[in-house]
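Novice: Below is the file protein_10.cif, which contains mmCIF, C-alpha atoms.
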data_upload
loop_
_atom_site.label_atom_id
_atom_site.label_comp_id
_atom_site.auth_asym_id
_atom_site.auth_seq_id
_atom_site.Cartn_x
_atom_site.Cartn_y
_atom_site.Cartn_z
CA MET A 79 0.00 0.00 0.00
CA SER A 80 2.89 2.38 -0.61
CA ARG A 81 2.06 3.35 -4.18
CA PRO A 82 3.17 6.84 -5.10
CA ILE A 83 0.50 9.53 -5.25
CA GLN A 84 -0.56 10.12 -8.85
CA ARG A 85 -3.54 12.48 -8.50
CA VAL A 86 -4.79 15.12 -6.10
CA LEU A 87 -8.47 16.06 -6.20
CA ILE A 88 -9.60 19.44 -4.87
CA VAL A 89 -13.28 20.16 -4.21
CA GLY A 90 -14.30 23.78 -3.71
CA ARG A 91 -15.61 26.96 -5.27
CA ASP A 92 -14.67 30.40 -6.42
CA ALA A 93 -11.19 31.88 -6.09
CA ALA A 94 -10.14 29.61 -3.21
CA LEU A 95 -10.54 26.53 -5.41
CA TRP A 96 -8.58 27.89 -8.34
CA LEU A 97 -5.78 29.45 -6.30
CA THR A 98 -5.35 26.20 -4.37
CA ALA A 99 -5.34 24.13 -7.56
CA LEU A 100 -2.79 26.36 -9.26
CA SER A 101 -0.57 26.44 -6.16
CA LEU A 102 -0.59 22.64 -5.87
CA ARG A 103 -0.04 22.20 -9.60
CA ARG A 104 3.00 24.48 -9.46
CA ALA A 105 4.33 22.63 -6.40
CA LEU A 106 3.57 19.05 -7.49
CA GLY A 107 3.54 19.17 -11.28
CA GLY A 108 7.24 18.46 -11.58
CA LEU A 109 6.71 15.22 -9.64
CA GLY A 110 4.24 13.91 -12.21
CA ILE A 111 1.25 14.40 -9.93
CA THR A 112 -1.98 15.45 -11.65
CA VAL A 113 -4.16 18.06 -9.94
CA GLU A 114 -7.90 17.84 -10.69
CA VAL A 115 -10.79 19.98 -9.47
CA VAL A 116 -14.48 19.54 -8.78
CA GLU A 117 -16.06 22.99 -8.86
CA LEU A 118 -19.07 23.52 -6.62
CA PRO A 119 -21.65 26.18 -7.51
CA SER A 120 -20.47 29.69 -6.69
CA VAL A 121 -21.86 31.44 -3.65
CA LEU A 122 -21.05 34.86 -5.10
CA ARG A 123 -23.80 37.03 -6.53
CA PRO A 124 -23.21 39.49 -9.38
CA ALA A 125 -23.12 42.48 -7.01
CA ASP A 126 -20.67 40.85 -4.56
CA ALA A 127 -17.15 42.14 -4.27
CA TYR A 128 -14.39 39.56 -3.90
CA VAL A 129 -12.06 41.53 -1.69
CA SER A 130 -8.39 40.67 -1.47
CA THR A 131 -5.42 42.10 0.37
CA PRO A 132 -2.12 43.23 -1.15
CA SER A 133 -0.57 39.87 -0.24
CA LEU A 134 -2.71 38.29 -2.97
CA VAL A 135 -0.71 40.28 -5.52
CA SER A 136 2.43 38.56 -4.20
CA LEU A 137 0.76 35.15 -4.49
CA HIS A 138 -0.31 35.89 -8.07
CA HIS A 139 3.26 36.96 -8.89
CA MET A 140 4.69 33.81 -7.28
CA MET A 141 2.36 31.67 -9.41
CA GLY A 142 3.18 33.55 -12.60
CA LEU A 143 -0.22 35.24 -12.95
CA ASP A 144 -0.46 38.68 -14.52
CA GLU A 145 -2.68 41.00 -12.45
CA GLY A 146 -4.01 42.78 -15.52
CA ARG A 147 -5.03 39.54 -17.17
CA VAL A 148 -6.67 38.27 -13.97
CA LEU A 149 -8.71 41.47 -13.63
CA GLY A 150 -9.66 41.39 -17.31
CA ALA A 151 -10.67 37.72 -17.32
CA THR A 152 -12.85 38.18 -14.25
CA SER A 153 -14.25 41.60 -15.21
CA GLY A 154 -12.65 42.82 -12.00
CA SER A 155 -11.49 46.22 -10.90
CA GLU A 156 -9.18 47.58 -8.26
CA ALA A 157 -10.67 48.93 -5.06
CA TYR A 158 -8.80 50.36 -2.12
CA ALA A 159 -11.67 50.51 0.34
CA GLN A 160 -15.37 49.94 0.82
CA ARG A 161 -17.77 52.70 1.85
CA PHE A 162 -20.28 51.98 4.60
CA ALA A 163 -23.20 54.30 5.28
CA GLY A 164 -26.51 54.07 7.11
CA TRP A 165 -25.46 51.22 9.39
CA SER A 166 -26.53 52.98 12.56
CA LYS A 167 -28.51 56.00 13.68
CA GLY A 168 -27.29 59.17 12.10
CA ASP A 169 -25.61 59.59 8.77
CA HIS A 170 -22.03 58.72 9.61
CA ALA A 171 -20.33 57.19 6.59
CA PHE A 172 -16.86 55.69 6.71
CA MET A 173 -14.40 53.94 4.42
CA HIS A 174 -12.98 50.55 5.42
CA ALA A 175 -9.53 50.31 3.82
CA TYR A 176 -8.01 47.09 2.51
CA ASP A 177 -4.44 48.23 3.16
CA THR A 178 -2.58 51.15 4.66
CA VAL A 179 -3.97 54.39 3.32
CA GLY A 180 -3.48 58.10 3.37
CA ALA A 181 -6.24 60.66 3.44
CA GLY A 182 -9.94 59.96 3.15
CA ILE A 183 -11.88 60.42 -0.07
CA GLU A 184 -14.50 63.17 -0.44
CA GLN A 185 -14.36 64.05 3.28
CA ILE A 186 -15.10 60.43 4.27
CA PRO A 187 -12.44 59.23 6.73
CA PHE A 188 -10.69 55.87 6.49
CA ILE A 189 -10.73 53.73 9.62
#
Would you write out, as structure tokens, the structure that this file holds?
Specialist:
Amino acid sequence: MSRPIQRVLIVGRDAALWLTALSLRRALGGLGITVEVVELPSVLRPADAYVSTPSLVSLHHMMGLDEGRVLGATSGSEAYAQRFAGWSKGDHAFMHAYDTVGAGIEQIPFI
């Protein structure tokens, strides 16, 4: 029962599935191991934002992915923060930043 591993099967959805599959393929492909995926239905809706941190850019670079092509293929866009308004009494809006930031935008402070 000590046969070498020939295939790895990944079951998942959305970006986590594909980033895991590509990472394993890059790591194991030279050993002759096949990486296969079973994609579950997405839980994302058209209006959902798939937020990532700057470290994802490093992961894409490490895997040989071009950020411009990734954004184009997914109809994505860059965003540096998300605006929240009307979450409590009063009209206090704020921006939730995805990385370190400078000044707020249009008098809306980053937190």
Novice: When the PyMOL selection byres ((chain A and resi 128) around 12) is applied to the file above, which residues end up in the set, as a PyMOL selection string?
Specialist: chain A and resi 92-94+120-127+129-131+134+149+152-157+160+176
Novice: Set the distance at 12 Å and use all atoms listed in the file: which residues neighbour A:Thr98 once local chain neighbours fewer than 3 positions away are removed? I'd like the list as a PyMOL selection string.
Specialist: chain A and resi 86-95+101-106+113-115+137-138+141
Novice: Separation of atom CA of A:Ala159 and atom CA of A:Asp177, in Å?
Specialist: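 The value is 8.1 Å.
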Novice: Find the distance between atom CA of A:Arg147 and atom CA of A:Ile111 and write it in Å to one decimal.
Specialist: 26.9 Å
Novice: Between atom CA of A:Thr112 and atom CA of A:Gln84, measure the distance and give it in Å to one decimal.
Specialist: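 Going from atom CA of A:Thr112 over to atom CA of A:Gln84, I get 6.2 Å.
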Novice: Give me, as JSON, numbers by chain, all polymer residues having an atom no more than 8 Å from A:Arg161, counting only C-alpha atoms and skipping those fewer than 5 positions away in the same chain.
Specialist: {"A": [171, 172, 173, 174]}
